[in-house]
file upload08.cif (mmCIF, C-alpha atoms)
data_start
loop_
_atom_site.label_atom_id
_atom_site.label_comp_id
_atom_site.auth_asym_id
_atom_site.auth_seq_id
_atom_site.Cartn_x
_atom_site.Cartn_y
_atom_site.Cartn_z
CA MET A 1330 0.00 0.00 0.00
CA ALA A 1331 1.28 3.45 -0.93
CA GLY A 1332 2.40 5.54 1.99
CA ARG A 1333 3.84 8.88 2.94
CA GLU A 1334 1.73 11.95 3.43
CA GLN A 1335 2.39 15.49 4.50
CA THR A 1336 0.69 18.82 4.99
CA VAL A 1337 2.17 21.72 3.07
CA GLN A 1338 1.65 25.46 2.77
CA VAL A 1339 1.45 26.64 -0.85
CA GLN A 1340 0.90 30.36 -1.46
CA GLY A 1341 -0.77 30.67 1.93
CA HIS A 1342 -3.06 27.68 1.42
CA ARG A 1343 -2.82 24.59 3.60
CA LEU A 1344 -2.97 21.35 1.59
CA ARG A 1345 -2.91 17.78 2.87
CA LEU A 1346 -1.08 15.54 0.41
CA THR A 1347 -1.60 11.79 0.74
CA ASN A 1348 -0.20 8.59 -0.79
CA LEU A 1349 2.79 10.42 -2.22
CA ASP A 1350 4.60 7.12 -2.86
CA LYS A 1351 1.72 5.65 -4.90
CA VAL A 1352 2.99 4.70 -8.37
CA LEU A 1353 0.80 6.31 -11.02
CA TYR A 1354 2.95 5.30 -14.02
CA PRO A 1355 4.11 1.69 -13.47
CA ALA A 1356 6.27 1.61 -16.62
CA THR A 1357 8.58 4.28 -15.19
CA GLY A 1358 7.78 4.02 -11.48
CA THR A 1359 6.60 7.63 -11.48
CA THR A 1360 4.82 8.42 -8.23
CA LYS A 1361 2.01 10.72 -7.24
CA GLY A 1362 4.56 12.86 -5.42
CA GLU A 1363 6.48 13.34 -8.68
CA VAL A 1364 3.27 14.29 -10.50
CA ILE A 1365 2.54 16.93 -7.86
CA ASP A 1366 6.12 18.17 -8.11
CA TYR A 1367 5.81 18.46 -11.91
CA TYR A 1368 2.67 20.56 -11.77
CA SER A 1369 4.14 22.73 -9.03
CA ARG A 1370 7.32 23.42 -11.01
CA ILE A 1371 5.68 23.90 -14.42
CA ALA A 1372 3.21 26.44 -12.97
CA PRO A 1373 4.84 29.53 -14.58
CA ALA A 1374 4.43 27.98 -18.03
CA ILE A 1375 0.99 26.38 -17.75
CA LEU A 1376 -0.94 28.89 -15.61
CA PRO A 1377 -1.14 31.63 -18.30
CA LEU A 1378 -2.64 29.03 -20.66
CA LEU A 1379 -5.23 27.83 -18.14
CA ALA A 1380 -6.19 31.27 -16.81
CA GLY A 1381 -9.86 32.07 -17.24
CA ARG A 1382 -10.72 28.73 -18.85
CA PRO A 1383 -12.96 26.06 -17.31
CA VAL A 1384 -10.81 22.98 -16.69
CA THR A 1385 -12.13 19.49 -17.35
CA ARG A 1386 -9.99 16.91 -15.56
CA LYS A 1387 -9.23 13.32 -16.52
CA ARG A 1388 -8.32 11.39 -13.39
CA TRP A 1389 -6.51 8.10 -12.76
CA PRO A 1390 -6.88 7.57 -8.97
CA ASP A 1391 -5.00 4.26 -9.05
CA GLY A 1392 -2.59 5.06 -11.86
CA VAL A 1393 -2.52 4.47 -15.62
CA GLY A 1394 -1.76 0.74 -15.37
CA ASP A 1395 -0.20 -0.98 -18.36
CA ALA A 1396 -1.20 -2.22 -21.82
CA GLU A 1397 -2.73 -5.44 -20.48
CA HIS A 1398 -4.37 -3.90 -17.43
CA PRO A 1399 -5.06 -0.20 -18.03
CA GLY A 1400 -6.00 1.81 -14.99
CA MET A 1401 -9.51 3.10 -14.46
CA SER A 1402 -9.94 6.70 -15.58
CA PHE A 1403 -12.82 9.16 -15.83
CA PHE A 1404 -13.50 12.72 -16.92
CA THR A 1405 -14.69 15.21 -14.31
CA LYS A 1406 -16.41 18.49 -15.18
CA ASP A 1407 -18.21 19.31 -11.94
CA LEU A 1408 -15.90 20.41 -9.15
CA GLU A 1409 -15.12 17.66 -6.64
CA ARG A 1410 -17.14 17.84 -3.43
CA GLY A 1411 -14.01 18.06 -1.29
CA ALA A 1412 -12.39 20.85 -3.32
CA PRO A 1413 -10.80 23.66 -1.30
CA GLU A 1414 -13.11 26.60 -0.65
CA TRP A 1415 -10.47 29.04 -1.90
CA LEU A 1416 -10.45 27.48 -5.38
CA PRO A 1417 -12.11 29.85 -7.93
CA ARG A 1418 -15.02 28.34 -9.84
CA MET A 1419 -17.54 29.22 -12.54
CA PRO A 1420 -20.84 27.59 -13.57
CA ILE A 1421 -21.73 26.50 -17.10
CA GLU A 1422 -25.20 25.45 -18.21
CA HIS A 1423 -25.29 22.07 -19.96
CA SER A 1424 -28.27 20.18 -21.34
CA SER A 1425 -27.95 17.88 -18.33
CA GLY A 1426 -27.87 20.77 -15.87
CA THR A 1427 -25.40 23.23 -14.38
CA LYS A 1428 -21.78 22.15 -13.93
CA THR A 1429 -19.37 24.10 -11.75
CA TYR A 1430 -15.83 24.11 -13.13
CA PRO A 1431 -12.61 25.03 -11.34
CA LEU A 1432 -10.52 27.94 -12.57
CA ILE A 1433 -6.88 27.01 -12.13
CA ASP A 1434 -5.09 30.28 -11.40
CA SER A 1435 -2.35 29.39 -8.92
CA GLN A 1436 0.43 26.98 -8.07
CA ALA A 1437 -1.66 25.87 -5.08
CA ALA A 1438 -4.54 24.92 -7.40
CA LEU A 1439 -2.16 22.83 -9.53
CA VAL A 1440 -0.85 21.04 -6.45
CA TRP A 1441 -4.42 20.19 -5.48
CA LEU A 1442 -5.05 18.77 -8.98
CA GLY A 1443 -2.04 16.51 -8.54
CA GLN A 1444 -3.32 15.40 -5.15
CA VAL A 1445 -6.57 14.11 -6.71
CA ALA A 1446 -4.62 12.44 -9.58
CA SER A 1447 -5.96 14.77 -12.27
CA LEU A 1448 -3.25 13.86 -14.74
CA GLU A 1449 -4.84 15.44 -17.81
CA LEU A 1450 -6.18 19.01 -17.96
CA HIS A 1451 -8.53 19.80 -20.86
CA VAL A 1452 -9.70 23.32 -21.76
CA PRO A 1453 -11.70 25.11 -24.49
CA GLN A 1454 -10.18 27.72 -26.80
CA TRP A 1455 -12.11 30.51 -25.03
CA ARG A 1456 -11.92 32.17 -21.63
CA PHE A 1457 -14.69 33.56 -19.46
CA GLY A 1458 -15.46 37.21 -20.17
CA PRO A 1459 -15.92 39.96 -17.57
CA ASP A 1460 -19.65 39.20 -17.36
CA GLY A 1461 -19.02 35.53 -16.58
CA SER A 1462 -20.11 34.23 -19.97
CA PRO A 1463 -17.81 32.55 -22.52
CA ALA A 1464 -15.91 35.15 -24.54
CA ASN A 1465 -14.86 34.67 -28.14
CA PRO A 1466 -11.93 32.26 -28.57
CA ASP A 1467 -8.46 33.74 -28.26
CA ARG A 1468 -6.79 30.98 -30.24
CA LEU A 1469 -7.33 28.55 -33.10
CA VAL A 1470 -6.32 24.91 -32.73
CA LEU A 1471 -5.80 22.16 -35.29
CA ASP A 1472 -5.27 18.58 -34.14
CA LEU A 1473 -3.03 16.61 -36.51
CA ASP A 1474 -3.74 12.96 -35.79
CA PRO A 1475 -1.75 10.24 -37.62
CA GLY A 1476 -3.76 7.42 -39.14
CA PRO A 1477 -2.62 3.78 -39.11
CA GLY A 1478 0.79 3.30 -40.70
CA ILE A 1479 2.25 6.78 -40.14
CA GLY A 1480 3.56 8.85 -37.24
CA LEU A 1481 4.96 12.14 -36.03
CA ALA A 1482 7.13 12.74 -39.12
CA GLU A 1483 4.07 12.93 -41.36
CA CYS A 1484 2.26 15.09 -38.81
CA ALA A 1485 5.23 17.47 -38.83
CA GLU A 1486 5.07 17.64 -42.63
CA VAL A 1487 1.40 18.60 -42.51
CA ALA A 1488 2.08 21.08 -39.68
CA ARG A 1489 4.53 22.92 -41.93
CA LEU A 1490 1.90 23.12 -44.68
CA VAL A 1491 -0.66 24.50 -42.25
CA ARG A 1492 1.88 26.99 -40.94
CA GLU A 1493 2.41 28.47 -44.39
CA ILE A 1494 -1.32 28.94 -44.93
CA LEU A 1495 -1.70 30.61 -41.54
CA ARG A 1496 1.31 32.84 -42.14
CA GLY A 1497 -0.27 33.92 -45.41
CA MET A 1498 -3.20 35.11 -43.29
CA SER A 1499 -0.82 36.90 -40.88
CA LEU A 1500 -1.40 34.27 -38.19
CA GLU A 1501 1.70 32.86 -36.50
CA SER A 1502 1.51 29.38 -35.01
CA ILE A 1503 3.19 27.13 -32.45
CA PRO A 1504 3.35 23.32 -32.65
CA VAL A 1505 2.71 21.12 -29.63
CA THR A 1506 3.61 17.43 -29.66
CA SER A 1507 0.48 16.12 -27.99
CA GLY A 1508 2.15 13.50 -25.78
CA SER A 1509 -0.26 10.96 -27.26
CA LYS A 1510 -0.08 10.44 -31.04
CA GLY A 1511 0.15 13.60 -33.07
CA ILE A 1512 0.70 17.36 -33.08
CA HIS A 1513 -1.54 20.23 -32.03
CA LEU A 1514 -1.08 23.51 -33.86
CA TYR A 1515 -2.14 26.74 -32.15
CA ALA A 1516 -2.55 30.22 -33.64
CA PRO A 1517 -3.58 33.27 -31.57
CA LEU A 1518 -6.84 35.03 -32.46
CA PRO A 1519 -7.68 38.64 -31.56
CA GLY A 1520 -11.04 37.73 -30.05
CA THR A 1521 -13.22 39.03 -32.89
CA LEU A 1522 -14.37 35.61 -34.18
CA THR A 1523 -17.06 33.55 -32.51
CA SER A 1524 -16.35 29.90 -31.78
CA GLU A 1525 -18.55 28.99 -34.75
CA ALA A 1526 -16.61 31.29 -37.08
CA ALA A 1527 -13.27 29.96 -35.81
CA SER A 1528 -14.49 26.41 -36.35
CA ASN A 1529 -15.60 27.30 -39.88
CA LEU A 1530 -12.21 28.85 -40.61
CA ALA A 1531 -10.41 25.73 -39.37
CA ARG A 1532 -12.71 23.50 -41.42
CA GLU A 1533 -12.12 25.52 -44.59
CA LEU A 1534 -8.38 25.33 -44.03
CA ALA A 1535 -8.52 21.56 -43.47
CA ARG A 1536 -10.61 20.97 -46.58
CA ALA A 1537 -8.37 23.17 -48.71
CA LEU A 1538 -5.28 21.32 -47.53
CA GLU A 1539 -6.98 17.98 -48.19
CA ALA A 1540 -7.80 19.11 -51.74
CA ASP A 1541 -4.16 20.11 -52.34
CA HIS A 1542 -2.65 17.00 -50.69
CA PRO A 1543 -5.22 14.18 -50.95
CA ASP A 1544 -2.58 11.48 -50.45
CA LEU A 1545 -1.41 12.98 -47.16
CA VAL A 1546 -4.30 14.85 -45.51
CA VAL A 1547 -7.89 13.93 -44.66
CA SER A 1548 -10.47 16.19 -43.02
CA SER A 1549 -13.38 13.74 -42.83
CA MET A 1550 -14.50 12.55 -39.41
CA SER A 1551 -14.83 8.99 -40.75
CA LYS A 1552 -12.11 6.75 -39.30
CA ALA A 1553 -12.40 4.40 -42.27
CA VAL A 1554 -10.51 6.80 -44.59
CA ARG A 1555 -7.58 7.72 -42.32
CA ALA A 1556 -5.11 4.89 -43.01
CA GLY A 1557 -1.77 6.28 -44.20
CA LYS A 1558 -2.96 9.89 -43.82
CA VAL A 1559 -2.96 12.67 -41.26
CA PHE A 1560 -6.43 13.54 -39.99
CA LEU A 1561 -6.64 17.31 -39.66
CA ASP A 1562 -9.23 17.67 -36.90
CA TRP A 1563 -10.73 21.16 -36.98
CA SER A 1564 -13.68 20.40 -34.68
CA GLN A 1565 -11.98 21.26 -31.38
CA ASN A 1566 -12.67 24.94 -32.09
CA ASN A 1567 -16.32 24.25 -31.29
CA GLY A 1568 -17.13 26.22 -28.16
CA LYS A 1569 -18.40 23.07 -26.43
CA LYS A 1570 -15.24 21.04 -27.04
CA THR A 1571 -11.92 20.94 -25.22
CA THR A 1572 -8.29 20.14 -26.01
CA ILE A 1573 -5.53 18.88 -23.76
CA SER A 1574 -3.76 21.97 -22.42
CA PRO A 1575 -0.16 22.59 -23.45
CA TYR A 1576 2.13 21.44 -20.60
CA SER A 1577 -0.48 18.99 -19.28
CA LEU A 1578 0.60 15.46 -18.46
CA ARG A 1579 -0.93 12.61 -20.45
CA GLY A 1580 -2.43 9.46 -19.02
CA ARG A 1581 -0.38 7.21 -21.30
CA GLU A 1582 1.83 4.28 -20.37
CA HIS A 1583 4.74 6.70 -19.95
CA PRO A 1584 4.44 10.16 -18.35
CA THR A 1585 4.54 12.21 -21.53
CA VAL A 1586 3.45 15.84 -21.79
CA ALA A 1587 1.62 17.96 -24.38
CA ALA A 1588 4.83 19.87 -25.05
CA PRO A 1589 5.17 23.12 -27.03
CA ARG A 1590 8.03 22.80 -29.52
CA THR A 1591 10.04 25.06 -31.79
CA TRP A 1592 9.64 24.84 -35.55
CA ASP A 1593 13.29 23.82 -35.85
CA GLU A 1594 12.54 20.78 -33.71
CA LEU A 1595 9.86 19.66 -36.15
CA GLU A 1596 12.57 19.27 -38.80
CA ASP A 1597 14.18 16.48 -36.77
CA PRO A 1598 13.41 13.09 -38.38
CA GLN A 1599 13.71 11.56 -34.89
CA LEU A 1600 11.00 13.83 -33.47
CA ARG A 1601 9.27 12.15 -30.54
CA HIS A 1602 7.03 12.95 -27.60
CA LEU A 1603 8.66 14.33 -24.45
CA LEU A 1604 8.56 13.01 -20.89
CA PHE A 1605 7.66 15.30 -17.99
CA SER A 1606 11.27 15.30 -16.77
CA GLU A 1607 12.46 16.55 -20.17
CA VAL A 1608 9.85 19.31 -20.21
CA LEU A 1609 11.00 20.48 -16.78
CA GLU A 1610 14.60 20.56 -18.02
CA ARG A 1611 13.55 22.60 -21.06
CA ALA A 1612 11.59 25.05 -18.92
CA ALA A 1613 14.57 25.49 -16.59
CA ALA A 1614 16.73 26.24 -19.64
CA GLY A 1615 14.25 28.83 -20.91
CA ILE A 1616 12.86 26.59 -23.67
CA ALA A 1617 9.15 27.06 -23.02
CA PRO A 1618 7.66 28.39 -26.26
CA PHE A 1619 4.13 29.69 -26.40
CA PHE A 1620 2.41 32.95 -27.08
CA GLY A 1621 2.80 35.73 -24.57
CA THR A 1622 -0.15 37.15 -22.70
CA SER A 1623 0.81 40.82 -22.62
CA THR A 1624 -0.81 43.44 -24.84
CA PRO A 1625 1.77 45.04 -27.18
CA ALA A 1626 1.76 48.58 -28.53
CA ALA A 1627 -0.16 49.07 -31.77
CA LEU A 1628 2.61 48.11 -34.22
CA ASP A 1629 4.81 45.94 -31.98
CA ARG A 1630 3.40 42.69 -33.37
CA TYR A 1631 3.89 44.00 -36.90
CA ARG A 1632 7.56 44.84 -36.25
CA GLU A 1633 8.25 41.56 -34.45
CA LYS A 1634 7.20 39.60 -37.52
CA ARG A 1635 9.35 41.52 -40.03
CA ASP A 1636 13.01 42.21 -40.77
CA ALA A 1637 13.31 45.63 -42.41
CA ALA A 1638 16.52 44.53 -44.13
CA ARG A 1639 14.82 41.60 -45.86
CA THR A 1640 11.31 42.75 -46.76
CA PRO A 1641 10.22 45.59 -49.06
CA GLU A 1642 7.30 46.30 -46.72
CA PRO A 1643 7.32 49.56 -44.75
CA VAL A 1644 8.70 48.93 -41.24
CA PRO A 1645 8.60 52.25 -39.35
CA ASP A 1646 10.78 52.77 -36.29
CA ALA A 1647 9.14 52.31 -32.91
CA GLY A 1648 9.32 56.04 -32.21
CA SER A 1649 7.99 57.23 -35.56
CA ARG A 1650 4.53 58.72 -36.05
CA PRO A 1651 2.38 58.93 -39.21
CA ALA A 1652 2.03 62.30 -40.92
CA ALA A 1653 -0.69 64.45 -39.41
CA ARG A 1654 -4.00 64.69 -41.28
CA GLY A 1655 -6.73 67.30 -41.14
CA ASP A 1656 -9.59 66.81 -38.71
CA GLY A 1657 -12.07 66.73 -41.57
CA ASP A 1658 -10.19 64.20 -43.68
CA PRO A 1659 -12.17 60.95 -44.03
CA PRO A 1660 -10.40 57.74 -43.01
CA ARG A 1661 -8.85 55.71 -45.80
CA PHE A 1662 -8.98 52.03 -46.71
CA VAL A 1663 -7.11 49.65 -48.96
CA VAL A 1664 -7.90 46.17 -50.23
CA GLN A 1665 -4.84 44.21 -51.30
CA GLU A 1666 -4.67 41.02 -53.33
CA HIS A 1667 -2.17 38.77 -51.59
CA HIS A 1668 -0.68 35.86 -53.51
CA ALA A 1669 0.79 34.05 -50.51
CA SER A 1670 0.83 30.25 -50.12
CA ARG A 1671 -2.84 30.58 -51.02
CA LEU A 1672 -4.51 33.57 -52.67
CA HIS A 1673 -6.54 35.76 -50.32
CA PHE A 1674 -7.41 39.42 -49.88
CA ASP A 1675 -6.40 41.79 -47.08
CA LEU A 1676 -8.71 44.58 -45.94
CA ARG A 1677 -7.20 47.50 -44.04
CA LEU A 1678 -9.06 50.44 -42.45
CA GLU A 1679 -7.34 53.58 -41.18
CA ARG A 1680 -8.09 54.13 -37.49
CA ASP A 1681 -6.15 55.75 -34.64
CA GLY A 1682 -2.98 56.17 -36.67
CA VAL A 1683 -2.71 52.59 -37.93
CA LEU A 1684 -4.39 50.32 -40.46
CA VAL A 1685 -6.64 47.85 -38.66
CA SER A 1686 -6.33 44.72 -40.81
CA TRP A 1687 -8.22 41.56 -41.71
CA ALA A 1688 -7.40 38.61 -43.96
CA VAL A 1689 -10.36 37.56 -46.13
CA PRO A 1690 -9.64 34.01 -47.36
CA ARG A 1691 -12.56 33.82 -49.81
CA GLY A 1692 -12.22 37.32 -51.19
CA ILE A 1693 -14.28 40.49 -50.92
CA PRO A 1694 -18.04 39.83 -51.30
CA GLU A 1695 -19.44 41.07 -54.59
CA SER A 1696 -22.89 41.85 -53.21
CA PRO A 1697 -24.15 43.22 -49.86
CA ASP A 1698 -26.25 40.12 -49.19
CA ARG A 1699 -23.18 37.89 -49.02
CA ASN A 1700 -20.87 37.55 -46.01
CA ASN A 1701 -17.34 36.17 -46.19
CA LEU A 1702 -15.22 35.23 -43.20
CA ALA A 1703 -12.66 37.89 -42.17
CA VAL A 1704 -9.86 37.12 -39.70
CA MET A 1705 -8.37 40.09 -37.83
CA THR A 1706 -4.57 40.21 -38.01
CA GLU A 1707 -1.97 42.59 -36.57
CA ASP A 1708 -2.30 46.35 -37.17
CA HIS A 1709 -0.28 47.66 -40.13
CA PRO A 1710 1.43 51.07 -40.53
CA ILE A 1711 -0.32 53.80 -42.52
CA GLU A 1712 2.41 53.51 -45.18
CA TYR A 1713 0.89 50.15 -46.14
CA LEU A 1714 -1.96 52.01 -47.90
CA THR A 1715 0.12 52.14 -51.08
CA PHE A 1716 2.31 49.07 -50.64
CA HIS A 1717 2.70 46.68 -53.53
CA GLY A 1718 5.56 44.32 -54.21
CA THR A 1719 6.92 40.85 -53.59
CA ILE A 1720 7.79 39.68 -50.09
CA PRO A 1721 10.68 37.17 -50.40
CA GLN A 1722 10.23 33.47 -49.71
CA GLY A 1723 11.06 32.61 -46.12
CA GLU A 1724 9.80 35.95 -44.86
CA TYR A 1725 6.54 36.48 -43.03
CA GLY A 1726 3.62 36.68 -45.50
CA ALA A 1727 5.84 35.71 -48.45
CA GLY A 1728 4.25 36.33 -51.85
CA THR A 1729 3.20 39.10 -54.22
CA MET A 1730 0.85 41.84 -53.05
CA THR A 1731 -0.99 44.35 -55.23
CA VAL A 1732 -3.49 47.11 -54.48
CA TRP A 1733 -6.92 45.86 -55.54
CA ASP A 1734 -8.92 48.90 -54.39
CA THR A 1735 -8.40 51.98 -52.25
CA GLY A 1736 -10.33 55.05 -51.16
CA THR A 1737 -12.13 56.47 -48.13
CA TYR A 1738 -14.90 55.06 -45.95
CA GLU A 1739 -17.53 56.05 -43.38
CA THR A 1740 -17.97 54.15 -40.12
CA GLU A 1741 -21.47 53.09 -39.08
CA LYS A 1742 -20.45 50.89 -36.14
CA TRP A 1743 -17.09 49.97 -34.59
CA ARG A 1744 -17.09 47.47 -31.74
CA ALA A 1745 -14.67 44.76 -30.65
CA ASP A 1746 -16.87 42.10 -32.23
CA GLU A 1747 -18.43 44.01 -35.14
CA VAL A 1748 -17.35 46.66 -37.66
CA ILE A 1749 -19.80 48.14 -40.17
CA PHE A 1750 -18.64 50.70 -42.73
CA ARG A 1751 -19.45 51.96 -46.21
#
call {"tool": "encode", "arguments": {"input": "upload08.cif", "output": "structure tokens"}}
result
Amino acid sequence: MAGREQTVQVQGHRLRLTNLDKVLYPATGTTKGEVIDYYSRIAPAILPLLAGRPVTRKRWPDGVGDAEHPGMSFFTKDLERGAPEWLPRMPIEHSSGTKTYPLIDSQAALVWLGQVASLELHVPQWRFGPDGSPANPDRLVLDLDPGPGIGLAECAEVARLVREILRGMSLESIPVTSGSKGIHLYAPLPGTLTSEAASNLARELARALEADHPDLVVSSMSKAVRAGKVFLDWSQNNGKKTTISPYSLRGREHPTVAAPRTWDELEDPQLRHLLFSEVLERAAAGIAPFFGTSTPAALDRYREKRDAARTPEPVPDAGSRPAARGDGDPPRFVVQEHHASRLHFDLRLERDGVLVSWAVPRGIPESPDRNNLAVMTEDHPIEYLTFHGTIPQGEYGAGTMTVWDTGTYETEKWRADEVIFR
């Protein structure tokens, strides 16, 4: 019988930890105490990714077992009855009734999750808004799942293809080896798309990639057609679905982690999933890639993505300001045709000294009764109003750009989630 217990103080909270010697991963002898230690030490990396999201837990109270005798596991949405009173929580209405989810916002909360053997932490792509309701998603996720007969190398190949499409839409991405089979690909969103719109965008991307690479990619939910191909699962952008959080442990035979990786690592033909001990070593060495959570100045994201010495695009200095315009001058717009990895259009509207920008994958609607998806990207400098030229291969947004239309506009409505102009 597993032994050893202790009472600890974590960030001012008293926690009783029991059965610390219980082996949760028999293949490696990894104990419950080591799981708690992992979540405690990885807190600086994982907490910003969990913040504000309802956490669904997958628990293995008696460990993961082995291939012949897998351990009992179960998903938990509703907060455990013995959860600490200090743990933040939020309710969500389901068809079966109200579920109260924990909000994991502290190292102490992570330690408690380890205590109840919540090995896997699953979250949606959205966070709760100020009013307590789900906000629009702040990231897009694509799950690259290898079918029978292939593995991580093929997933990495597809990830690179997806990356180029996203970069053509001014969306950067980060790969995460899932710790299970494949690769998750994340791209930050500005919060202007609903979950339904984000899901539609991901589905369109998956179908387009399948059309271009039918021998490598499949977007159908049918398992019968996945042999020898990478299933590009777009459905996890649905507001009711969840994905394993980056830096979460996995309940596999070995204690692997959903580990954010660099793009250089995906070039390695020996690419493999990482163990929790390796992820801790990487974090200690400063190798903990994922998107930051701070809000940059208007053009900081634009500058970070571009090298002025390598691109013909305008890259103004951080201290520069656009030329002053008269108070009565109407704001300007430009629509640019962008021949990136896939043709799309970019719409830019002058506002507050920058060009607020959107990528429009299906082009500008030709009639007012038609709506096309528009994905907000980083703000661009005013000088981009007249930009046309070829961005070199290997640079952000590589491809030829021309001015398709330009002029002035009038604003009817400008909100975070809706812009109407004419």
call {"tool": "resolve_selection", "arguments": {"input": "upload08.cif", "expression": "the PyMOL selection byres ((chain A and resi 1736-1741) around 6)", "output": "ChimeraX atom specification"}}
result
/A:1660-1662,1735,1742,1749-1751
call {"tool": "resolve_selection", "arguments": {"input": "upload08.cif", "expression": "the PyMOL selection byres ((chain A and resi 1671-1682) around 10)", "output": "ChimeraX atom specification"}}
result
/A:1493-1495,1497-1499,1537,1627,1650-1654,1659-1670,1683-1693,1703-1706,1708-1711,1713-1714,1728-1738,1740,1750
call {"tool": "atom_distance", "arguments": {"input": "upload08.cif", "atom1": "CA of Pro1453 in chain A", "atom2": "CA of Arg1382 in chain A"}}
result
6.8 Å
call {"tool": "closest_residue", "arguments": {"input": "upload08.cif", "among": "A:Ala1516, A:Leu1609, A:Val1440, A:Leu1346", "to": "Pro1466 in chain A", "atoms": "all atoms listed in the file"}}
result
A:Ala1516
call {"tool": "residues_around", "arguments": {"input": "upload08.cif", "residues": "Asn1529 in chain A", "least_positions_apart": "5", "cutoff": "9 Å", "atoms": "all atoms listed in the file", "output": "number ranges by chain"}}
result
A: 1524, 1534, 1563-1564, 1566, 1702
call {"tool": "closest_atom_pairs", "arguments": {"input": "upload08.cif", "of": "range 1413-1528 of chain A", "to": "range 1353-1371 of chain A", "cutoff": "12 Å", "atoms": "all atoms listed in the file", "output": "JSON lines"}}
result
{"residue": "A:Ile1433", "atom": "CA", "partner": "A:Tyr1368", "partner_atom": "CA", "distance": 11.5}
{"residue": "A:Ser1435", "atom": "CA", "partner": "A:Ser1369", "partner_atom": "CA", "distance": 9.3}
{"residue": "A:Gln1436", "atom": "CA", "partner": "A:Ser1369", "partner_atom": "CA", "distance": 5.7}
{"residue": "A:Ala1437", "atom": "CA", "partner": "A:Ser1369", "partner_atom": "CA", "distance": 7.7}
{"residue": "A:Ala1438", "atom": "CA", "partner": "A:Ser1369", "partner_atom": "CA", "distance": 9.1}
{"residue": "A:Leu1439", "atom": "CA", "partner": "A:Tyr1368", "partner_atom": "CA", "distance": 5.8}
{"residue": "A:Val1440", "atom": "CA", "partner": "A:Ile1365", "partner_atom": "CA", "distance": 5.5}
{"residue": "A:Trp1441", "atom": "CA", "partner": "A:Ile1365", "partner_atom": "CA", "distance": 8.0}
{"residue": "A:Leu1442", "atom": "CA", "partner": "A:Ile1365", "partner_atom": "CA", "distance": 7.9}
{"residue": "A:Gly1443", "atom": "CA", "partner": "A:Ile1365", "partner_atom": "CA", "distance": 4.6}
{"residue": "A:Gln1444", "atom": "CA", "partner": "A:Ile1365", "partner_atom": "CA", "distance": 6.6}
{"residue": "A:Val1445", "atom": "CA", "partner": "A:Lys1361", "partner_atom": "CA", "distance": 9.2}
{"residue": "A:Ala1446", "atom": "CA", "partner": "A:Lys1361", "partner_atom": "CA", "distance": 7.2}
{"residue": "A:Ser1447", "atom": "CA", "partner": "A:Val1364", "partner_atom": "CA", "distance": 9.4}
{"residue": "A:Leu1448", "atom": "CA", "partner": "A:Val1364", "partner_atom": "CA", "distance": 7.8}
{"residue": "A:Glu1449", "atom": "CA", "partner": "A:Tyr1368", "partner_atom": "CA", "distance": 10.9}
{"residue": "A:Leu1450", "atom": "CA", "partner": "A:Tyr1368", "partner_atom": "CA", "distance": 10.9}
call {"tool": "atom_distance", "arguments": {"input": "upload08.cif", "atom1": "CA of Ser1548 in chain A", "atom2": "CA of Leu1561 in chain A"}}
result
5.2 Å
call {"tool": "residues_around", "arguments": {"input": "upload08.cif", "residues": "range 1392-1403 of chain A", "least_positions_apart": "3", "cutoff": "7 Å", "atoms": "all atoms listed in the file", "output": "VMD selection string"}}
result
chain A and resid 1352 to 1355 1387 to 1389 1580 to 1582
call {"tool": "residues_around", "arguments": {"input": "upload08.cif", "residues": "Arg1635 in chain A", "least_positions_apart": "3", "cutoff": "7 Å", "atoms": "only C-alpha atoms", "output": "PyMOL selection string"}}
result
chain A and resi 1631-1632+1725
call {"tool": "atom_distance", "arguments": {"input": "upload08.cif", "atom1": "CA of Leu1500 in chain A", "atom2": "CA of Phe1619 in chain A"}}
result
13.8 Å
call {"tool": "closest_residue", "arguments": {"input": "upload08.cif", "among": "A:His1542, A:Lys1569, A:Lys1428, A:Lys1558", "to": "Pro1463 in chain A", "atoms": "all atoms listed in the file"}}
result
A:Lys1569
call {"tool": "resolve_selection", "arguments": {"input": "upload08.cif", "expression": "the PyMOL selection byres ((chain A and resi 1480-1488) around 10)", "output": "ChimeraX atom specification"}}
result
/A:1471-1479,1489-1493,1502-1504,1506,1510-1514,1538,1542,1545-1546,1557-1561,1592,1594-1602
call {"tool": "residues_near_point", "arguments": {"input": "upload08.cif", "point": "(-11.5, 27.0, -10.0)", "cutoff": "12 Å", "atoms": "all atoms listed in the file", "output": "VMD selection string"}}
result
chain A and resid 1379 to 1386 1406 to 1409 1412 to 1420 1429 to 1435 1437 to 1439 1441 to 1442 1457
call {"tool": "closest_residue", "arguments": {"input": "upload08.cif", "among": "A:Pro1641, A:Gly1411, A:Pro1390, A:Pro1543", "to": "Ala1727 in chain A", "atoms": "only C-alpha atoms"}}
result
A:Pro1641
call {"tool": "closest_atom_pairs", "arguments": {"input": "upload08.cif", "of": "range 1362-1468 of chain A", "to": "range 1517-1523 of chain A", "cutoff": "12 Å", "atoms": "all atoms listed in the file", "output": "tab-separated table"}}
result
residue	atom	partner	partner_atom	distance
A:Leu1378	CA	A:Pro1517	CA	11.7
A:Gln1454	CA	A:Leu1518	CA	9.8
A:Trp1455	CA	A:Gly1520	CA	8.9
A:Arg1456	CA	A:Gly1520	CA	10.1
A:Phe1457	CA	A:Gly1520	CA	12.0
A:Gly1458	CA	A:Gly1520	CA	10.8
A:Pro1463	CA	A:Thr1523	CA	10.1
A:Ala1464	CA	A:Gly1520	CA	7.8
A:Asn1465	CA	A:Thr1523	CA	5.0
A:Pro1466	CA	A:Gly1520	CA	5.7
A:Asp1467	CA	A:Leu1518	CA	4.7
A:Arg1468	CA	A:Pro1517	CA	4.2
